[in-house]
$ cat model_14.txt   # compact mmCIF, C-alpha atoms and all ligand atoms
# COMPACT_ATOMS: atom_id res chain seq x y z
CA MET V 1 0.00 0.00 0.00
CA ILE V 2 1.43 3.35 -1.04
CA ILE V 3 0.54 6.61 0.74
CA LEU V 4 1.63 9.97 -0.64
CA GLY V 5 2.18 12.38 2.28
CA ILE V 6 1.84 16.15 1.90
CA GLU V 7 2.88 18.70 4.53
CA THR V 8 2.72 22.50 4.11
CA SER V 9 1.42 23.72 7.48
CA CYS V 10 4.27 26.13 8.19
CA ASP V 11 7.56 26.85 6.43
CA GLU V 12 8.53 23.39 5.17
CA THR V 13 7.17 22.07 1.88
CA SER V 14 7.42 18.31 2.08
CA ILE V 15 6.18 15.31 0.10
CA SER V 16 6.80 11.71 1.05
CA VAL V 17 6.09 8.22 -0.20
CA LEU V 18 5.32 5.61 2.45
CA LYS V 19 5.00 1.90 1.77
CA ASP V 20 2.84 -0.35 3.96
CA GLY V 21 2.77 2.20 6.77
CA LYS V 22 6.36 1.63 7.82
CA GLU V 23 8.85 1.99 5.01
CA ILE V 24 9.70 5.53 3.90
CA LEU V 25 10.60 5.35 0.21
CA SER V 26 11.16 9.11 0.05
CA ASN V 27 10.62 12.10 2.30
CA TYR V 28 11.72 15.24 0.53
CA ILE V 29 11.72 18.43 2.63
CA SER V 30 12.27 21.89 1.23
CA SER V 31 12.88 24.26 4.13
CA GLN V 32 12.26 27.99 3.83
CA ILE V 33 14.20 28.78 7.01
CA ASP V 34 16.84 30.85 5.19
CA ILE V 35 14.12 33.02 3.65
CA HIS V 36 12.25 33.66 6.94
CA LYS V 37 15.46 34.12 8.99
CA GLU V 38 15.73 37.65 7.65
CA TYR V 39 12.42 38.53 9.34
CA GLY V 40 13.14 36.79 12.65
CA GLY V 41 10.26 34.34 12.20
CA VAL V 42 7.89 32.81 9.65
CA VAL V 43 6.01 35.33 7.47
CA PRO V 44 2.76 33.52 6.54
CA GLU V 45 2.22 35.12 3.12
CA ILE V 46 5.80 34.43 2.02
CA ALA V 47 5.47 30.83 3.25
CA SER V 48 2.34 30.26 1.13
CA ARG V 49 3.96 31.69 -1.99
CA HIS V 50 6.99 29.45 -1.66
CA HIS V 51 4.82 26.39 -1.12
CA ILE V 52 2.97 27.20 -4.36
CA LYS V 53 6.21 27.73 -6.25
CA ASN V 54 7.84 24.51 -5.11
CA ILE V 55 5.22 21.88 -4.39
CA ALA V 56 4.88 20.32 -7.85
CA THR V 57 8.64 19.94 -8.29
CA ILE V 58 8.97 18.50 -4.80
CA MET V 59 6.39 15.86 -5.64
CA GLU V 60 8.23 14.96 -8.83
CA VAL V 61 11.51 14.58 -6.94
CA SER V 62 9.88 12.55 -4.20
CA LEU V 63 8.11 10.17 -6.61
CA LYS V 64 11.30 9.73 -8.62
CA GLU V 65 13.36 8.97 -5.51
CA ALA V 66 10.76 6.40 -4.44
CA GLY V 67 10.87 4.86 -7.91
CA ILE V 68 7.11 5.19 -8.44
CA THR V 69 4.59 7.28 -10.39
CA LEU V 70 1.21 8.69 -9.34
CA ASP V 71 -0.35 5.53 -10.82
CA ASP V 72 1.08 3.59 -7.87
CA VAL V 73 -0.39 5.85 -5.17
CA ASP V 74 -3.31 4.34 -3.19
CA TYR V 75 -4.02 7.19 -0.75
CA ILE V 76 -3.03 10.81 -0.21
CA ALA V 77 -2.48 11.93 3.39
CA VAL V 78 -2.44 15.71 3.76
CA THR V 79 -2.09 18.03 6.76
CA TYR V 80 -5.32 20.02 7.13
CA ALA V 81 -4.94 21.39 10.69
CA PRO V 82 -3.55 23.15 12.64
CA GLY V 83 -1.18 25.60 10.94
CA LEU V 84 -0.93 28.79 8.92
CA ILE V 85 -4.15 28.84 6.97
CA GLY V 86 -2.72 30.02 3.64
CA ALA V 87 0.11 27.51 3.88
CA LEU V 88 -2.26 24.65 4.74
CA LEU V 89 -4.49 25.52 1.79
CA VAL V 90 -1.64 25.09 -0.68
CA GLY V 91 -1.10 21.46 0.37
CA ILE V 92 -4.83 20.76 0.58
CA SER V 93 -5.55 22.23 -2.87
CA PHE V 94 -2.67 20.29 -4.35
CA ALA V 95 -3.95 17.09 -2.75
CA LYS V 96 -7.46 17.75 -4.07
CA GLY V 97 -6.15 18.29 -7.58
CA ILE V 98 -4.46 14.90 -7.61
CA ALA V 99 -7.40 13.24 -5.88
CA TYR V 100 -9.85 14.64 -8.43
CA GLY V 101 -7.68 13.87 -11.44
CA ARG V 102 -6.76 10.34 -10.39
CA GLY V 103 -9.61 9.25 -8.16
CA ILE V 104 -7.35 8.73 -5.16
CA PRO V 105 -8.93 9.04 -1.67
CA ILE V 106 -7.69 11.81 0.64
CA ILE V 107 -6.96 11.16 4.31
CA PRO V 108 -6.90 14.49 6.19
CA VAL V 109 -4.24 14.48 8.94
CA HIS V 110 -3.87 16.51 12.13
CA HIS V 111 -0.34 17.92 12.12
CA ILE V 112 0.34 17.08 15.77
CA LYS V 113 -0.72 13.47 15.27
CA GLY V 114 1.83 13.44 12.47
CA HIS V 115 4.56 14.50 14.89
CA ILE V 116 3.52 11.74 17.29
CA TYR V 117 3.43 9.05 14.58
CA ALA V 118 6.98 9.95 13.49
CA ASN V 119 7.93 7.73 16.44
CA PHE V 120 6.04 4.77 15.00
CA LEU V 121 8.09 4.90 11.80
CA GLU V 122 11.27 4.09 13.66
CA HIS V 123 10.23 2.27 16.82
CA LYS V 124 7.88 -0.42 17.96
CA VAL V 125 5.92 1.76 20.38
CA GLU V 126 3.71 -0.17 22.78
CA LEU V 127 0.39 1.42 23.70
CA PRO V 128 -0.97 2.91 25.92
CA ALA V 129 1.56 5.73 25.93
CA ILE V 130 1.97 9.34 26.99
CA ALA V 131 3.03 11.73 24.25
CA LEU V 132 4.85 14.94 25.05
CA VAL V 133 4.27 17.25 22.07
CA VAL V 134 6.72 20.13 21.96
CA SER V 135 6.89 22.33 18.90
CA GLY V 136 6.90 25.96 17.80
CA GLY V 137 3.14 26.18 18.28
CA HIS V 138 2.30 23.42 20.77
CA THR V 139 3.12 22.06 24.20
CA ASN V 140 0.77 19.25 25.16
CA ILE V 141 0.64 16.07 27.17
CA ILE V 142 -1.51 13.51 25.41
CA HIS V 143 -2.70 10.06 26.41
CA ILE V 144 -2.89 7.47 23.61
CA ASP V 145 -4.90 4.33 24.38
CA ILE V 146 -4.49 0.88 22.85
CA ASN V 147 -6.94 1.77 20.07
CA HIS V 148 -4.94 4.86 19.09
CA LYS V 149 -7.50 7.19 20.66
CA PHE V 150 -5.91 10.50 21.69
CA THR V 151 -6.89 12.44 24.83
CA ASN V 152 -5.34 15.81 25.56
CA LEU V 153 -4.44 15.91 29.27
CA GLY V 154 -3.15 19.47 29.29
CA GLY V 155 -1.22 22.12 27.45
CA THR V 156 0.40 25.49 27.73
CA LEU V 157 -1.51 28.43 29.13
CA ASP V 158 0.67 30.92 27.23
CA ASP V 159 3.75 30.39 25.03
CA ALA V 160 4.67 27.09 23.41
CA VAL V 161 8.15 25.77 24.30
CA GLY V 162 9.59 26.25 20.79
CA GLU V 163 8.16 29.76 20.68
CA SER V 164 9.95 30.58 23.97
CA TYR V 165 13.22 29.23 22.57
CA ASP V 166 12.77 31.42 19.49
CA LYS V 167 11.99 34.54 21.55
CA VAL V 168 14.91 34.00 23.93
CA SER V 169 17.22 33.59 20.95
CA ARG V 170 15.84 36.71 19.29
CA VAL V 171 16.34 38.95 22.34
CA MET V 172 20.01 37.91 22.43
CA GLY V 173 20.33 38.48 18.67
CA LEU V 174 21.06 34.82 17.98
CA GLY V 175 18.63 34.41 15.09
CA TYR V 176 15.80 32.09 14.04
CA PRO V 177 15.04 29.28 14.75
CA GLY V 178 16.28 29.68 18.29
CA GLY V 179 16.01 26.10 19.53
CA PRO V 180 19.09 24.56 17.90
CA VAL V 181 21.25 27.64 18.70
CA ILE V 182 20.27 27.77 22.38
CA ASP V 183 20.64 23.99 22.66
CA GLN V 184 24.22 24.12 21.30
CA LEU V 185 25.22 27.21 23.26
CA SER V 186 23.94 25.85 26.57
CA TYR V 187 26.86 23.41 26.74
CA GLU V 188 29.28 26.33 27.16
CA GLY V 189 27.31 27.96 29.97
CA ASP V 190 26.60 27.59 33.67
CA PRO V 191 22.96 26.47 34.21
CA ASN V 192 22.93 27.91 37.75
CA ASN V 193 24.17 31.34 36.80
CA ILE V 194 20.86 33.07 36.16
CA TYR V 195 17.72 32.54 38.22
CA MET V 196 14.78 31.12 36.26
CA PRO V 197 11.48 30.91 38.15
CA GLU V 198 9.58 27.65 38.36
CA PRO V 199 6.04 28.32 37.05
CA LYS V 200 3.27 27.73 39.56
CA VAL V 201 0.78 25.83 37.41
CA GLY V 202 -0.79 22.59 38.51
CA GLY V 203 -1.93 19.43 36.74
CA TYR V 204 -0.68 18.90 33.23
CA GLU V 205 -0.76 22.59 32.38
CA PHE V 206 2.37 24.52 31.37
CA SER V 207 3.45 28.14 31.43
CA PHE V 208 6.65 29.38 29.86
CA SER V 209 6.04 33.11 29.74
CA GLY V 210 7.60 33.67 33.20
CA VAL V 211 10.84 31.90 32.24
CA LYS V 212 10.94 33.69 28.90
CA THR V 213 10.26 37.09 30.51
CA SER V 214 13.06 36.50 33.05
CA VAL V 215 15.50 36.18 30.17
CA ILE V 216 14.11 39.21 28.33
CA ASN V 217 14.20 41.37 31.50
CA TYR V 218 17.73 40.25 32.34
CA VAL V 219 19.04 41.01 28.84
CA ASN V 220 17.28 44.39 28.71
CA LYS V 221 18.65 45.32 32.14
CA MET V 222 22.21 44.43 31.14
CA ASN V 223 21.86 46.31 27.86
CA MET V 224 20.54 49.40 29.67
CA LYS V 225 23.46 49.34 32.09
CA LYS V 226 25.75 48.73 29.09
CA GLU V 227 27.08 45.67 30.92
CA LYS V 228 28.22 42.51 29.17
CA TYR V 229 26.40 39.23 29.78
CA ASN V 230 27.27 35.68 28.83
CA PRO V 231 24.65 34.33 26.34
CA ALA V 232 25.82 30.78 27.10
CA ASP V 233 24.90 31.16 30.79
CA ILE V 234 21.45 32.39 29.79
CA ALA V 235 21.04 29.54 27.31
CA ALA V 236 22.08 26.93 29.89
CA SER V 237 19.92 28.39 32.70
CA PHE V 238 16.89 28.71 30.42
CA GLN V 239 17.25 25.25 28.90
CA ASN V 240 17.75 23.61 32.30
CA ARG V 241 14.57 25.08 33.70
CA VAL V 242 12.49 24.32 30.60
CA VAL V 243 13.65 20.71 30.36
CA ASP V 244 13.09 20.19 34.09
CA ILE V 245 9.47 21.40 33.76
CA LEU V 246 8.81 19.18 30.72
CA CYS V 247 10.32 16.07 32.31
CA LYS V 248 8.51 16.47 35.65
CA LYS V 249 5.06 16.83 34.09
CA THR V 250 5.53 14.06 31.52
CA ILE V 251 6.69 11.53 34.09
CA LYS V 252 3.92 12.59 36.46
CA ALA V 253 1.41 11.89 33.65
CA ALA V 254 2.90 8.46 32.93
CA LEU V 255 2.86 7.51 36.62
CA GLU V 256 -0.66 8.80 37.29
CA LYS V 257 -2.07 7.15 34.15
CA LYS V 258 -0.07 3.98 34.87
CA VAL V 259 1.56 4.05 31.44
CA LYS V 260 4.94 2.48 30.75
CA ASN V 261 5.78 4.25 27.49
CA ILE V 262 6.51 7.87 26.63
CA VAL V 263 6.99 9.33 23.15
CA ILE V 264 8.34 12.81 22.48
CA ALA V 265 7.22 14.64 19.36
CA GLY V 266 7.64 17.97 17.54
CA GLY V 267 10.56 20.22 16.68
CA VAL V 268 11.70 20.60 20.30
CA ALA V 269 11.96 16.79 20.56
CA ALA V 270 15.30 17.39 18.80
CA ASN V 271 16.58 19.06 21.98
CA SER V 272 19.60 17.17 23.23
CA LEU V 273 19.05 17.81 26.95
CA LEU V 274 15.35 16.88 26.78
CA ARG V 275 16.18 13.57 25.06
CA LYS V 276 18.89 12.72 27.61
CA GLU V 277 17.15 13.91 30.73
CA LEU V 278 13.73 12.37 30.03
CA LEU V 279 15.31 9.03 29.21
CA CYS V 280 17.32 9.13 32.43
CA ARG V 281 14.48 10.15 34.73
CA ALA V 282 11.99 7.74 33.13
CA LYS V 283 14.41 4.85 33.52
CA LEU V 284 14.33 5.34 37.29
CA GLU V 285 10.57 4.69 37.11
CA ASP V 286 10.95 1.76 34.73
CA ILE V 287 9.32 3.74 31.90
CA GLU V 288 10.53 3.55 28.30
CA VAL V 289 11.09 6.73 26.25
CA PHE V 290 10.98 6.94 22.44
CA TYR V 291 11.92 9.86 20.23
CA PRO V 292 12.29 10.22 16.48
CA SER V 293 15.63 10.70 14.76
CA ILE V 294 16.45 14.40 14.31
CA LYS V 295 15.33 14.51 10.66
CA LEU V 296 11.85 13.24 11.62
CA CYS V 297 11.45 15.69 14.54
CA THR V 298 10.88 18.82 12.47
CA ASP V 299 8.03 19.15 9.98
CA ASN V 300 8.10 16.47 7.27
CA ALA V 301 5.58 14.62 5.14
CA GLY V 302 6.83 11.17 6.18
CA MET V 303 5.16 11.60 9.57
CA ILE V 304 1.95 12.82 7.89
CA ALA V 305 1.80 9.71 5.70
CA ALA V 306 2.40 7.57 8.82
CA ALA V 307 -0.46 9.28 10.68
CA GLY V 308 -2.63 8.74 7.59
CA TYR V 309 -1.81 5.04 7.67
CA TYR V 310 -2.78 4.65 11.35
CA LYS V 311 -5.97 6.64 10.78
CA LEU V 312 -6.84 4.22 8.00
CA VAL V 313 -6.15 1.16 10.16
CA TYR V 314 -7.56 2.31 13.51
CA GLY V 315 -10.15 4.88 12.45
CA ASP V 316 -10.52 8.23 14.14
CA SER V 317 -13.02 10.48 15.87
CA ASP V 318 -13.40 12.39 12.60
CA LYS V 319 -14.08 10.77 9.23
CA ILE V 320 -11.22 8.79 7.73
CA PHE V 321 -11.62 10.21 4.22
CA ALA V 322 -12.28 13.75 3.10
CA ASP V 323 -14.17 14.86 0.01
CA LEU V 324 -13.27 17.76 -2.24
CA LYS V 325 -14.85 20.20 0.21
CA LEU V 326 -11.94 19.65 2.61
CA ASN V 327 -10.83 22.95 4.13
CA GLY V 328 -7.85 23.98 6.24
CA ILE V 329 -8.31 24.75 9.96
CA ALA V 330 -5.80 27.08 11.61
CA ASN V 331 -6.47 26.02 15.22
CA MET V 332 -7.65 22.62 16.24
CA GLU V 333 -7.30 20.52 19.39
CA ILE V 334 -6.00 17.03 18.85
O1 LIG N 401 7.56 21.04 14.93
P1 LIG N 401 8.28 22.16 14.31
O2 LIG N 401 9.27 21.86 13.21
O3 LIG N 401 7.30 23.23 13.73
C1 LIG N 401 6.08 23.47 14.32
O4 LIG N 401 5.11 22.71 14.02
O5 LIG N 401 6.04 24.41 15.17
O6 LIG N 401 9.03 22.93 15.50
C2 LIG N 401 9.81 24.07 15.32
C3 LIG N 401 10.33 24.52 16.69
C4 LIG N 401 11.04 25.89 16.62
O7 LIG N 401 10.49 26.72 17.63
C5 LIG N 401 12.49 25.53 16.94
O8 LIG N 401 13.19 26.57 17.60
C6 LIG N 401 12.34 24.29 17.80
O9 LIG N 401 11.28 23.57 17.20
N1 LIG N 401 13.55 23.45 17.85
C7 LIG N 401 14.25 23.22 18.99
C8 LIG N 401 15.38 22.43 18.61
N2 LIG N 401 15.32 22.21 17.27
C9 LIG N 401 14.19 22.84 16.82
N3 LIG N 401 14.03 23.61 20.26
C10 LIG N 401 14.92 23.23 21.19
N4 LIG N 401 16.02 22.50 20.90
C11 LIG N 401 16.30 22.08 19.66
N5 LIG N 401 17.39 21.35 19.40
ZN ZN N 402 5.29 20.80 13.42

$ encode --input "model_14.txt" --output "structure tokens" --more "lines below"
Ligand code: KG4
Ligand code: ZN
Amino acid sequence: MIILGIETSCDETSISVLKDGKEILSNYISSQIDIHKEYGGVVPEIASRHHIKNIATIMEVSLKEAGITLDDVDYIAVTYAPGLIGALLVGISFAKGIAYGRGIPIIPVHHIKGHIYANFLEHKVELPAIALVVSGGHTNIIHIDINHKFTNLGGTLDDAVGESYDKVSRVMGLGYPGGPVIDQLSYEGDPNNIYMPEPKVGGYEFSFSGVKTSVINYVNKMNMKKEKYNPADIAASFQNRVVDILCKKTIKAALEKKVKNIVIAGGVAANSLLRKELLCRAKLEDIEVFYPSIKLCTDNAGMIAAAGYYKLVYGDSDKIFADLKLNGIANMEI
């Protein structure tokens, strides 16, 4: 069974070919990061235009690499929510064009489920599991039952983790995206040098605005006094606090829900300290942790095709197939 995956929810145009739900034959990703860097973040209108310009060529490359043609495609899995609406619509319209022309069914995919299913491409994940979703737009703890039913246990009350990384990087003039830069830099700094408050939010809720504001206030104060500061100390102190918060809540969820497996998903799942620390702390509780390889952590169509496959096999709360009326949805709970 061949699924063609399409992902255009943000600033990556990606098309993949997935065989039998497990084997990625191709997963071509065209990143626009260098274009948006100039503006310090993703500019939605520019993102849409680049998706339009590139998507057809990207499909050609992806099909060629997989050694197939459109005649071999059984299903199209496309991200329809959440994301930048204009960007989503490019992928959806493209999918509809192929579906209409070739009579191929469309499976609409929730972007965050895609991030979670990236784990299933590389690991044999036992269910039930707790998923920690950490990206530029999301921070959620999700319970997945044995029938692949997703329940959101909690999320952020303000900024998403990736967003905080990006803002902290921006205030220090370290560019976009901030996550990889801060992650790298933190190894040269002292994590106890700058005080980062622990947010006072209960349950499975998160708040990162206090930690982020501490960094912004500190940098502004130093700049005003014309005093030098060490960006590595800030990076290390910030990262330590953020990872500690994420690990504590995720393990708490696994223990309270009596779940023995944790998966991490989303762009921030590439964070080196989060991967190490969560693995270490979970091991003490006899809990297994899975995370995707770095290339499957950030937005890619391979994970969308995988989520499409599991939707097909296990069903979903919404309809498995979409008709040609399928629309994009900018904000949508899992
Ligand atoms: O999942 P993703 O590719 O796009 C969204 O759906 O949002 O995530 C992008 C986010 C950005 O905020 C980026 O700074 C962050 O993931 N990120 C990281 C790392 N690599 C990417 N954050 C922390 N550490 C990293 N190594
Ligand atoms: Zn994403």

$ residues_near_ligand --input "model_14.txt" --ligand "ligand ZN 402 (chain N)" --cutoff "7 Å" --atoms "all atoms listed in the file" --output "compact mmCIF listing (two decimals) with C-alpha atoms, in the frame of the given file"
# COMPACT_ATOMS: atom_id res chain seq x y z
CA HIS V 111 -0.34 17.92 12.12
CA ILE V 112 0.34 17.08 15.77
CA HIS V 115 4.56 14.50 14.89
CA SER V 135 6.89 22.33 18.90
CA GLY V 136 6.90 25.96 17.80
CA GLY V 266 7.64 17.97 17.54
CA GLY V 267 10.56 20.22 16.68
CA THR V 298 10.88 18.82 12.47
CA ASP V 299 8.03 19.15 9.98

$ closest_residue --input "model_14.txt" --among "V:Met196, V:Ile216, V:Val134, V:Val109" --to "ligand LIG 401 (chain N)" --atoms "only C-alpha atoms and all ligand atoms"
V:Val134

$ residues_near_ligand --input "model_14.txt" --ligand "ligand LIG 401 (chain N)" --cutoff "9 Å" --atoms "all atoms listed in the file" --output "number ranges by chain"
V: 9-12, 82-83, 111-112, 115, 133-138, 160-167, 169, 176-184, 239, 265-274, 294, 297-300

$ atom_distance --input "model_14.txt" --atom1 "atom CA of V:Asn220" --atom2 "atom CA of V:Asn193"
16.8 Å

$ closest_residue --input "model_14.txt" --among "V:Phe206, V:Tyr100, V:Phe94, V:Phe290" --to "V:Glu126" --atoms "only C-alpha atoms"
V:Phe290

$ residues_around --input "model_14.txt" --residues "V:Phe120" --least-positions-apart "5" --cutoff "12 Å" --atoms "all atoms listed in the file" --output "ChimeraX atom specification"
/V:21-24,113-115,125-127,129,131,148,263-265,290-293,296,302-307,309-310

$ closest_residue --input "model_14.txt" --among "V:Asp318, V:Glu198, V:Glu188, V:Glu205" --to "V:Gly155" --atoms "all atoms listed in the file"
V:Glu205

$ build_atoms --input "model_14.txt" --residues "stretch 109-134 of chain V" --atoms "N, CA and C atoms" --output "CSV table (one decimal), in the frame of the given file"
chain,number,residue,atom,x,y,z
V,109,VAL,N,-5.0,14.8,7.7
V,109,VAL,CA,-4.2,14.5,8.9
V,109,VAL,C,-4.0,15.7,9.8
V,110,HIS,N,-4.2,15.5,11.1
V,110,HIS,CA,-3.9,16.5,12.1
V,110,HIS,C,-2.4,16.6,12.3
V,111,HIS,N,-1.8,17.8,12.1
V,111,HIS,CA,-0.3,17.9,12.1
V,111,HIS,C,0.3,17.3,13.4
V,112,ILE,N,-0.3,17.5,14.5
V,112,ILE,CA,0.3,17.1,15.8
V,112,ILE,C,0.3,15.5,15.9
V,113,LYS,N,-0.7,14.9,15.3
V,113,LYS,CA,-0.7,13.5,15.3
V,113,LYS,C,0.4,13.0,14.4
V,114,GLY,N,0.7,13.8,13.3
V,114,GLY,CA,1.8,13.4,12.5
V,114,GLY,C,3.1,13.4,13.3
V,115,HIS,N,3.3,14.5,14.1
V,115,HIS,CA,4.6,14.5,14.9
V,115,HIS,C,4.6,13.3,15.8
V,116,ILE,N,3.5,12.9,16.4
V,116,ILE,CA,3.5,11.7,17.3
V,116,ILE,C,3.9,10.5,16.5
V,117,TYR,N,3.2,10.3,15.3
V,117,TYR,CA,3.4,9.0,14.6
V,117,TYR,C,4.8,8.9,13.9
V,118,ALA,N,5.6,10.0,14.0
V,118,ALA,CA,7.0,10.0,13.5
V,118,ALA,C,7.7,8.9,14.3
V,119,ASN,N,7.3,8.8,15.6
V,119,ASN,CA,7.9,7.7,16.4
V,119,ASN,C,7.7,6.3,16.0
V,120,PHE,N,6.5,6.1,15.4
V,120,PHE,CA,6.0,4.8,15.0
V,120,PHE,C,6.8,4.3,13.7
V,121,LEU,N,7.3,5.3,13.0
V,121,LEU,CA,8.1,4.9,11.8
V,121,LEU,C,9.4,4.2,12.1
V,122,GLU,N,9.9,4.6,13.3
V,122,GLU,CA,11.3,4.1,13.7
V,122,GLU,C,11.3,3.1,14.8
V,123,HIS,N,10.2,3.1,15.6
V,123,HIS,CA,10.2,2.3,16.8
V,123,HIS,C,9.0,1.4,16.9
V,124,LYS,N,9.1,0.4,17.7
V,124,LYS,CA,7.9,-0.4,18.0
V,124,LYS,C,7.3,0.1,19.3
V,125,VAL,N,6.4,1.1,19.2
V,125,VAL,CA,5.9,1.8,20.4
V,125,VAL,C,4.7,1.0,20.9
V,126,GLU,N,4.8,0.5,22.2
V,126,GLU,CA,3.7,-0.2,22.8
V,126,GLU,C,2.7,0.9,23.3
V,127,LEU,N,1.4,0.5,23.2
V,127,LEU,CA,0.4,1.4,23.7
V,127,LEU,C,-0.3,0.7,24.9
V,128,PRO,N,-0.8,1.5,25.9
V,128,PRO,CA,-1.0,2.9,25.9
V,128,PRO,C,0.4,3.6,26.1
V,129,ALA,N,0.4,4.9,25.8
V,129,ALA,CA,1.6,5.7,25.9
V,129,ALA,C,1.2,7.2,26.3
V,130,ILE,N,2.1,7.9,26.8
V,130,ILE,CA,2.0,9.3,27.0
V,130,ILE,C,2.8,10.0,25.9
V,131,ALA,N,2.2,11.0,25.2
V,131,ALA,CA,3.0,11.7,24.2
V,131,ALA,C,3.3,13.1,24.8
V,132,LEU,N,4.5,13.5,24.7
V,132,LEU,CA,4.8,14.9,25.0
V,132,LEU,C,5.1,15.6,23.7
V,133,VAL,N,4.2,16.5,23.4
V,133,VAL,CA,4.3,17.2,22.1
V,133,VAL,C,4.9,18.6,22.3
V,134,VAL,N,6.0,18.9,21.7
V,134,VAL,CA,6.7,20.1,22.0
V,134,VAL,C,7.2,20.7,20.6
